[in-house]
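A.B. asks: Mind having a look at this structure? Questions to follow.
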Amino acid sequence: MNYKPSSADAFGSVEYIMRDVEWGWLIRYIHSTGASAFFIVVYLHMFRALLYGRTRSRASCCGSSAC
């Protein structure tokens with residue numbers, strides 16, 4: 001494992017991943033871009049649900065008598 005989560009070694013291990021690990025810079029940037037895209041999609045999904053009023057429970061939406 002290349003990353004060390006201690007406060008003293010964290011920056012050095014990220015620097016090592018970015019400079020010395022083969023394709024480490026690419027993996028780090030893909031990971032950060034994917035994480036940002038995930039949160040954008042989650043926020044868009046929540047906005048769409050609020051915009052179209054889909055906040056009711058499925059039981060009341062489908063007409064069943066179960067609560």
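Naming scheme: A, B, ... for chains in displayed order of the structure tokens; residues 1 onward per chain; ligands 1 onward as shown.
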So which residues touch segment 13-27 of chain A within 8 Å, counting only C-alpha atoms, skipping near sequence neighbours fewer than 5 positions away, as a count of residues only?
C.D. replies: 3
A.B. asks: Any idea what the distance is between atom CA of Ala49 of chain A and atom CA of Gly34 of chain A?
C.D. replies: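 Computed distance, atom CA of Ala49 of chain A to atom CA of Gly34 of chain A, equals 22.5 Å.
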A.B. asks: To one decimal place, how far is atom CA of Phe39 of chain A from atom CA of Ser6 of chain A in Å?
C.D. replies: 26.4 Å
